[in-house]
Every structure is written in C-alpha cells, then in structure tokens.
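Notes to accompany the following structure.
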Amino acid sequence: KDPEDPPLLLLNVLDVPDRSPLNQLSDFLVRLDNLSHALVWSKDVDMDNQRGCAISLVELPRFRLSFRGVEMNGGLQLHSIEHVGYQVSNARSPVIEAMLDRLTSGVLLENNHNELALLIPAALPIRPKIKSEPLACDTLFAKSDELWRQACSSGHYLYPIHLSHQFVTTPTLASALYL
C-alpha cells in the first residue's frame, strides 16, 4: 500500500436498506461467501453517509478473491484483481440463466473480448441427508471448513464458458475434479 493513498473505510454490508447499492452488492457477495467474511472498502470516509459511499475495493480473503470498484455509466462495475481483464457481468441469455440457476454459489465474469467465465469459490461440497428424498442430488457448500480450504491449491476456480454458451471448460485437473 502506498502511504499517499487515502485511507479506506470498512463498510457494513449486513445492515443496509433494501434496493440500495450496498444491498445489491451484498446480494452478489453471498453467492461467493458469507457476508461476515466479506470486506467492502471505500475511499469516501464520510462516517455519517456510509450508505452512499463509492465502493473502492471488495475482498473475500477466505477464497483469495478481490475486486476493484470502478464507477462506469452511473453504476458500479467490479473488476477482478486476480483475473486481470475480467469483471462481474450482467450478460444474460436463457442458456446462461439456466446455467446460473443450477449454481448455489458462483458468479459470472466477462472479459474485454465478451468472453464469459464462471467464478466459483472452492468451498467443501456436501450432500444433505433428506429423509423424504434419499436420492436427492442437492448440494450445499460448507464455506467455513478450514481443513478443506487449506487443502485446496486455489481458493476459487475460473471456468471459461464456451462461445456457444453450452458448456464450461476446465483449465486444470483440480478444477475438473471440483466440478
């Protein structure tokens, strides 16, 4: 950190009004980690107007993820720091919507060439026991399992989506096994 950079204010994303920018951000963050482990920073250090602060940085340390907030076209755009050139995407098609609906965690990223990728945190997948449906395929993710996170080589996985939007590719053996 450069000593000449302005100080950052840690924002509370747990207690925000409905439909506010911070509420929309918290809806995004819960797809990656629990809000209690999400750090949202602002260069605006106006303590009385925390809800109107511009987002400068979002960190999800458990999954080794961070995003830089950029104001564009009157809205906030989150650019990945770990995956340079990718930002959180709102691109949607029926096929992409169906793909995202099947995921309980993860977000859609897009690069400058309009290529899409799924960003999924490396949380421990567990299959809950449901007595009424013993063969159910539902999967939950234990984001707090410390042993699992220590054993993972990466805190998250990035899966490029094929241009047809029909399938994802697995760039590493670890990402293929996790999927």
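Chains: A, B, ... in order of the structure tokens. Residues: from 1 per chain. Ligands: from 1, in order shown.
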
**Q.** Exercise: stretch 35-45 of chain A partners within 12 Å, only C-alpha atoms, chain neighbours under 5 positions left out, as a PyMOL selection string
**A.** chain A and resi 5-15+22-23+25-30+50-70+78+143-144

Q) Counting only C-alpha atoms, which of A:Glu115, A:Asp33, A:Glu4, A:Glu110 gets nearest to A:His79? A) A:Glu110

Residue neighbourhood A:Ala117, 12 Å, only C-alpha atoms, exclusion window fewer than 3 positions, as a CSV table (one decimal) with all heavy atoms, in the first residue's frame:
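Heads up, here's the output in part-v6.csv:
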chain,number,residue,atom,x,y,z
A,80,SER,N,-12.1,-7.9,-11.4
A,80,SER,CA,-11.3,-8.9,-10.7
A,80,SER,C,-9.8,-8.5,-10.6
A,80,SER,O,-9.3,-8.1,-11.6
A,80,SER,CB,-11.4,-10.3,-11.3
A,80,SER,OG,-10.6,-11.2,-10.7
A,83,HIS,N,-7.9,-12.1,-11.6
A,83,HIS,CA,-8.1,-12.4,-13.0
A,83,HIS,C,-8.2,-11.1,-13.9
A,83,HIS,O,-9.3,-10.7,-14.2
A,83,HIS,CB,-9.4,-13.3,-13.2
A,83,HIS,CG,-9.3,-14.5,-12.3
A,83,HIS,ND1,-8.5,-15.6,-12.7
A,83,HIS,CD2,-9.9,-14.8,-11.2
A,83,HIS,CE1,-8.7,-16.5,-11.7
A,83,HIS,NE2,-9.5,-16.1,-10.8
A,85,GLY,N,-8.5,-8.3,-16.5
A,85,GLY,CA,-9.3,-8.2,-17.7
A,85,GLY,C,-10.7,-8.7,-17.5
A,85,GLY,O,-11.5,-8.5,-18.4
A,86,TYR,N,-11.0,-9.4,-16.4
A,86,TYR,CA,-12.4,-9.9,-16.1
A,86,TYR,C,-13.1,-8.9,-15.1
A,86,TYR,O,-12.5,-8.5,-14.2
A,86,TYR,CB,-12.4,-11.3,-15.6
A,86,TYR,CG,-12.2,-12.4,-16.6
A,86,TYR,CD1,-11.0,-12.9,-16.9
A,86,TYR,CD2,-13.3,-12.9,-17.3
A,86,TYR,CE1,-10.8,-13.9,-17.8
A,86,TYR,CE2,-13.2,-13.8,-18.2
A,86,TYR,CZ,-11.9,-14.4,-18.5
A,86,TYR,OH,-11.8,-15.3,-19.4
A,87,GLN,N,-14.4,-8.7,-15.4
A,87,GLN,CA,-15.2,-8.0,-14.5
A,87,GLN,C,-16.5,-8.8,-14.3
A,87,GLN,O,-16.9,-9.6,-15.1
A,87,GLN,CB,-15.5,-6.6,-14.9
A,87,GLN,CG,-16.2,-6.4,-16.2
A,87,GLN,CD,-15.3,-6.4,-17.4
A,87,GLN,OE1,-14.1,-6.2,-17.3
A,87,GLN,NE2,-15.8,-6.5,-18.6
A,88,VAL,N,-17.2,-8.5,-13.2
A,88,VAL,CA,-18.5,-9.1,-13.0
A,88,VAL,C,-19.5,-8.7,-14.1
A,88,VAL,O,-19.5,-7.5,-14.5
A,88,VAL,CB,-19.1,-8.7,-11.6
A,88,VAL,CG1,-20.5,-9.2,-11.4
A,88,VAL,CG2,-18.2,-9.1,-10.5
A,89,SER,N,-20.2,-9.7,-14.6
A,89,SER,CA,-21.0,-9.5,-15.8
A,89,SER,C,-22.5,-9.6,-15.5
A,89,SER,O,-22.9,-10.4,-14.7
A,89,SER,CB,-20.6,-10.5,-16.9
A,89,SER,OG,-21.5,-10.3,-18.0
A,90,ASN,N,-23.3,-8.8,-16.2
A,90,ASN,CA,-24.7,-8.9,-16.2
A,90,ASN,C,-25.2,-9.5,-17.5
A,90,ASN,O,-26.5,-9.5,-17.7
A,90,ASN,CB,-25.4,-7.5,-16.0
A,90,ASN,CG,-25.1,-7.0,-14.6
A,90,ASN,OD1,-25.1,-7.8,-13.6
A,90,ASN,ND2,-24.9,-5.7,-14.4
A,91,ALA,N,-24.3,-10.0,-18.3
A,91,ALA,CA,-24.8,-10.6,-19.6
A,91,ALA,C,-25.6,-11.8,-19.3
A,91,ALA,O,-25.3,-12.6,-18.5
A,91,ALA,CB,-23.5,-11.0,-20.4
A,96,ILE,N,-27.5,-19.1,-20.4
A,96,ILE,CA,-26.7,-18.7,-19.2
A,96,ILE,C,-27.5,-18.6,-18.0
A,96,ILE,O,-27.1,-19.0,-16.9
A,96,ILE,CB,-26.0,-17.3,-19.5
A,96,ILE,CG1,-25.0,-17.4,-20.7
A,96,ILE,CG2,-25.4,-16.7,-18.3
A,96,ILE,CD1,-23.8,-18.2,-20.4
A,99,MET,N,-27.8,-22.0,-16.6
A,99,MET,CA,-26.5,-22.5,-16.0
A,99,MET,C,-26.4,-21.9,-14.6
A,99,MET,O,-26.0,-22.6,-13.7
A,99,MET,CB,-25.4,-22.0,-16.9
A,99,MET,CG,-24.1,-22.6,-16.6
A,99,MET,SD,-22.7,-22.1,-17.7
A,99,MET,CE,-23.2,-22.7,-19.3
A,100,LEU,N,-26.7,-20.6,-14.5
A,100,LEU,CA,-26.5,-19.9,-13.2
A,100,LEU,C,-27.6,-20.4,-12.2
A,100,LEU,O,-27.3,-20.4,-11.0
A,100,LEU,CB,-26.6,-18.4,-13.4
A,100,LEU,CG,-25.5,-17.7,-14.1
A,100,LEU,CD1,-25.7,-16.3,-14.4
A,100,LEU,CD2,-24.2,-17.9,-13.3
A,106,GLY,N,-21.2,-18.8,-6.8
A,106,GLY,CA,-20.5,-18.5,-8.0
A,106,GLY,C,-21.1,-17.4,-8.8
A,106,GLY,O,-22.3,-17.0,-8.6
A,107,VAL,N,-20.3,-16.7,-9.6
A,107,VAL,CA,-20.8,-15.5,-10.3
A,107,VAL,C,-20.3,-15.6,-11.7
A,107,VAL,O,-19.3,-16.3,-12.0
A,107,VAL,CB,-20.4,-14.2,-9.7
A,107,VAL,CG1,-21.1,-14.0,-8.3
A,107,VAL,CG2,-18.9,-14.1,-9.5
A,108,LEU,N,-20.9,-14.8,-12.6
A,108,LEU,CA,-20.5,-14.7,-14.0
A,108,LEU,C,-19.5,-13.5,-14.2
A,108,LEU,O,-19.8,-12.4,-13.8
A,108,LEU,CB,-21.7,-14.5,-14.9
A,108,LEU,CG,-21.6,-14.6,-16.4
A,108,LEU,CD1,-21.1,-16.0,-16.8
A,108,LEU,CD2,-22.9,-14.2,-17.0
A,109,LEU,N,-18.4,-13.8,-14.9
A,109,LEU,CA,-17.4,-12.8,-15.2
A,109,LEU,C,-17.3,-12.7,-16.7
A,109,LEU,O,-17.7,-13.6,-17.4
A,109,LEU,CB,-16.0,-13.1,-14.7
A,109,LEU,CG,-15.8,-13.2,-13.2
A,109,LEU,CD1,-14.4,-13.5,-12.8
A,109,LEU,CD2,-16.4,-12.0,-12.4
A,110,GLU,N,-16.9,-11.5,-17.2
A,110,GLU,CA,-16.8,-11.3,-18.6
A,110,GLU,C,-15.5,-10.5,-18.9
A,110,GLU,O,-15.2,-9.6,-18.1
A,110,GLU,CB,-18.0,-10.5,-19.1
A,110,GLU,CG,-18.0,-10.2,-20.6
A,110,GLU,CD,-19.3,-9.5,-21.0
A,110,GLU,OE1,-20.1,-9.2,-20.2
A,110,GLU,OE2,-19.5,-9.4,-22.2
A,111,ASN,N,-14.8,-10.8,-19.9
A,111,ASN,CA,-13.6,-10.0,-20.2
A,111,ASN,C,-13.8,-9.0,-21.3
A,111,ASN,O,-15.0,-8.9,-21.8
A,111,ASN,CB,-12.4,-10.9,-20.5
A,111,ASN,CG,-12.5,-11.7,-21.8
A,111,ASN,OD1,-13.4,-11.4,-22.7
A,111,ASN,ND2,-11.7,-12.7,-22.0
A,113,HIS,N,-13.1,-9.1,-24.3
A,113,HIS,CA,-13.5,-9.7,-25.6
A,113,HIS,C,-14.9,-10.3,-25.6
A,113,HIS,O,-15.2,-11.2,-26.4
A,113,HIS,CB,-12.4,-10.7,-26.0
A,113,HIS,CG,-11.0,-10.1,-26.1
A,113,HIS,ND1,-10.6,-9.3,-27.0
A,113,HIS,CD2,-10.0,-10.3,-25.2
A,113,HIS,CE1,-9.4,-8.9,-26.8
A,113,HIS,NE2,-9.0,-9.5,-25.7
A,114,ASN,N,-15.7,-10.0,-24.6
A,114,ASN,CA,-17.0,-10.5,-24.4
A,114,ASN,C,-17.0,-12.0,-24.1
A,114,ASN,O,-18.0,-12.7,-24.4
A,114,ASN,CB,-17.9,-10.2,-25.5
A,114,ASN,CG,-18.1,-8.7,-25.6
A,114,ASN,OD1,-18.2,-8.0,-24.6
A,114,ASN,ND2,-18.2,-8.2,-26.8
A,120,ILE,N,-16.2,-19.7,-9.3
A,120,ILE,CA,-16.8,-20.5,-8.2
A,120,ILE,C,-15.8,-20.6,-7.0
A,120,ILE,O,-14.7,-21.0,-7.2
A,120,ILE,CB,-17.2,-21.9,-8.7
A,120,ILE,CG1,-18.2,-21.7,-9.9
A,120,ILE,CG2,-17.8,-22.7,-7.6
A,120,ILE,CD1,-18.6,-23.0,-10.5
A,157,TYR,N,-12.1,-21.3,-8.4
A,157,TYR,CA,-11.9,-21.8,-9.7
A,157,TYR,C,-12.6,-20.9,-10.8
A,157,TYR,O,-13.7,-20.4,-10.5
A,157,TYR,CB,-12.4,-23.2,-9.9
A,157,TYR,CG,-11.7,-24.2,-9.0
A,157,TYR,CD1,-12.3,-24.7,-7.8
A,157,TYR,CD2,-10.4,-24.6,-9.2
A,157,TYR,CE1,-11.6,-25.5,-7.0
A,157,TYR,CE2,-9.7,-25.4,-8.4
A,157,TYR,CZ,-10.3,-25.9,-7.2
A,157,TYR,OH,-9.7,-26.7,-6.4
A,158,LEU,N,-11.9,-20.7,-11.9
A,158,LEU,CA,-12.5,-19.9,-13.0
A,158,LEU,C,-12.7,-20.9,-14.2
A,158,LEU,O,-11.7,-21.5,-14.6
A,158,LEU,CB,-11.5,-18.8,-13.4
A,158,LEU,CG,-12.1,-17.8,-14.4
A,158,LEU,CD1,-13.2,-17.0,-13.9
A,158,LEU,CD2,-11.0,-16.9,-15.0
A,159,TYR,N,-13.9,-21.0,-14.6
A,159,TYR,CA,-14.3,-21.9,-15.7
A,159,TYR,C,-14.7,-21.1,-16.9
A,159,TYR,O,-15.8,-20.5,-16.9
A,159,TYR,CB,-15.5,-22.8,-15.3
A,159,TYR,CG,-15.1,-23.7,-14.1
A,159,TYR,CD1,-15.5,-23.4,-12.8
A,159,TYR,CD2,-14.5,-24.9,-14.3
A,159,TYR,CE1,-15.2,-24.2,-11.8
A,159,TYR,CE2,-14.2,-25.8,-13.3
A,159,TYR,CZ,-14.6,-25.4,-12.0
A,159,TYR,OH,-14.3,-26.3,-10.9
A,160,PRO,N,-13.9,-21.0,-17.9
A,160,PRO,CA,-14.3,-20.3,-19.2
A,160,PRO,C,-15.5,-21.0,-19.8
A,160,PRO,O,-15.6,-22.2,-19.8
A,160,PRO,CB,-13.1,-20.5,-20.1
A,160,PRO,CG,-11.9,-20.7,-19.2
A,160,PRO,CD,-12.5,-21.5,-18.0
A,161,ILE,N,-16.5,-20.2,-20.2
A,161,ILE,CA,-17.7,-20.7,-20.9
A,161,ILE,C,-17.4,-20.7,-22.4
A,161,ILE,O,-17.0,-19.7,-22.9
A,161,ILE,CB,-18.9,-19.8,-20.5
A,161,ILE,CG1,-19.2,-19.9,-19.0
A,161,ILE,CG2,-20.1,-20.3,-21.3
A,161,ILE,CD1,-20.3,-19.0,-18.5
A,162,HIS,N,-17.7,-21.8,-23.0
A,162,HIS,CA,-17.6,-21.9,-24.5
A,162,HIS,C,-18.4,-20.8,-25.2
A,162,HIS,O,-19.5,-20.4,-24.7
A,162,HIS,CB,-18.0,-23.3,-25.0
A,162,HIS,CG,-17.7,-23.6,-26.4
A,162,HIS,ND1,-18.6,-23.3,-27.4
A,162,HIS,CD2,-16.5,-24.0,-27.0
A,162,HIS,CE1,-18.0,-23.6,-28.5
A,162,HIS,NE2,-16.8,-24.0,-28.3
A,163,LEU,N,-18.0,-20.4,-26.4
A,163,LEU,CA,-18.7,-19.4,-27.1
A,163,LEU,C,-20.2,-19.7,-27.4
A,163,LEU,O,-21.0,-18.9,-27.6
A,163,LEU,CB,-18.0,-19.0,-28.4
A,163,LEU,CG,-16.6,-18.3,-28.2
A,163,LEU,CD1,-15.9,-18.1,-29.5
A,163,LEU,CD2,-16.8,-17.0,-27.5
A,165,HIS,N,-22.1,-21.1,-25.3
A,165,HIS,CA,-22.7,-21.0,-24.0
A,165,HIS,C,-23.4,-22.3,-23.6
A,165,HIS,O,-24.2,-22.3,-22.7
A,165,HIS,CB,-23.8,-19.9,-24.0
A,165,HIS,CG,-23.2,-18.5,-24.2
A,165,HIS,ND1,-24.0,-17.4,-24.2
A,165,HIS,CD2,-21.9,-18.1,-24.3
A,165,HIS,CE1,-23.2,-16.3,-24.4
A,165,HIS,NE2,-22.0,-16.7,-24.5
A,167,PHE,N,-21.5,-25.1,-22.6
A,167,PHE,CA,-20.7,-25.9,-21.6
A,167,PHE,C,-19.5,-25.0,-21.1
A,167,PHE,O,-19.1,-24.0,-21.8
A,167,PHE,CB,-20.2,-27.2,-22.1
A,167,PHE,CG,-19.3,-27.1,-23.4
A,167,PHE,CD1,-17.9,-27.0,-23.3
A,167,PHE,CD2,-19.9,-27.1,-24.6
A,167,PHE,CE1,-17.2,-26.9,-24.4
A,167,PHE,CE2,-19.1,-26.9,-25.8
A,167,PHE,CZ,-17.8,-26.9,-25.7
A,168,VAL,N,-18.9,-25.4,-20.0
A,168,VAL,CA,-17.7,-24.8,-19.5
A,168,VAL,C,-16.5,-25.7,-19.8
A,168,VAL,O,-16.6,-26.9,-19.9
A,168,VAL,CB,-17.8,-24.5,-18.0
A,168,VAL,CG1,-18.9,-23.5,-17.7
A,168,VAL,CG2,-17.9,-25.7,-17.2
A,169,THR,N,-15.3,-25.1,-19.8
A,169,THR,CA,-14.1,-25.8,-19.9
A,169,THR,C,-13.4,-25.8,-18.6
A,169,THR,O,-13.5,-24.9,-17.8
A,169,THR,CB,-13.2,-25.3,-21.0
A,169,THR,OG1,-12.9,-23.9,-20.7
A,169,THR,CG2,-13.9,-25.4,-22.4
A,170,THR,N,-12.6,-26.9,-18.3
A,170,THR,CA,-11.9,-27.0,-17.1
A,170,THR,C,-10.4,-26.8,-17.4
A,170,THR,O,-9.7,-27.7,-17.9
A,170,THR,CB,-12.1,-28.3,-16.4
A,170,THR,OG1,-11.9,-29.4,-17.3
A,170,THR,CG2,-13.6,-28.4,-16.0
A,171,PRO,N,-9.8,-25.7,-17.0
A,171,PRO,CA,-8.4,-25.4,-17.3
A,171,PRO,C,-7.4,-26.2,-16.6
A,171,PRO,O,-6.2,-26.4,-17.0
A,171,PRO,CB,-8.2,-23.9,-17.1
A,171,PRO,CG,-9.3,-23.6,-16.1
A,171,PRO,CD,-10.4,-24.6,-16.4

(Q) as a VMD selection string, please: every residue in chain A that DSSP puts in strand (DSSP E or B). (A) chain A and resid 9 to 11 39 to 42 57 to 60 65 to 72 75 to 80 86 to 88 107 to 111 116 to 121 124 to 126 140 to 142 156 to 161 168

Q) Closest to A:Asp145 among A:Leu116, A:Ile130, A:Ile81, A:Leu124, using only C-alpha atoms? A)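 Nearest candidate to A:Asp145 out of A:Leu116, A:Ile130, A:Ile81, A:Leu124: A:Leu124.
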
Q.
When DSSP is applied to the backbone of this structure, which of stretch 4-151 of chain A are assigned alpha helix (DSSP H)? Write them out as a PyMOL selection string.
A. chain A and resi 21-29+94-101+146-151
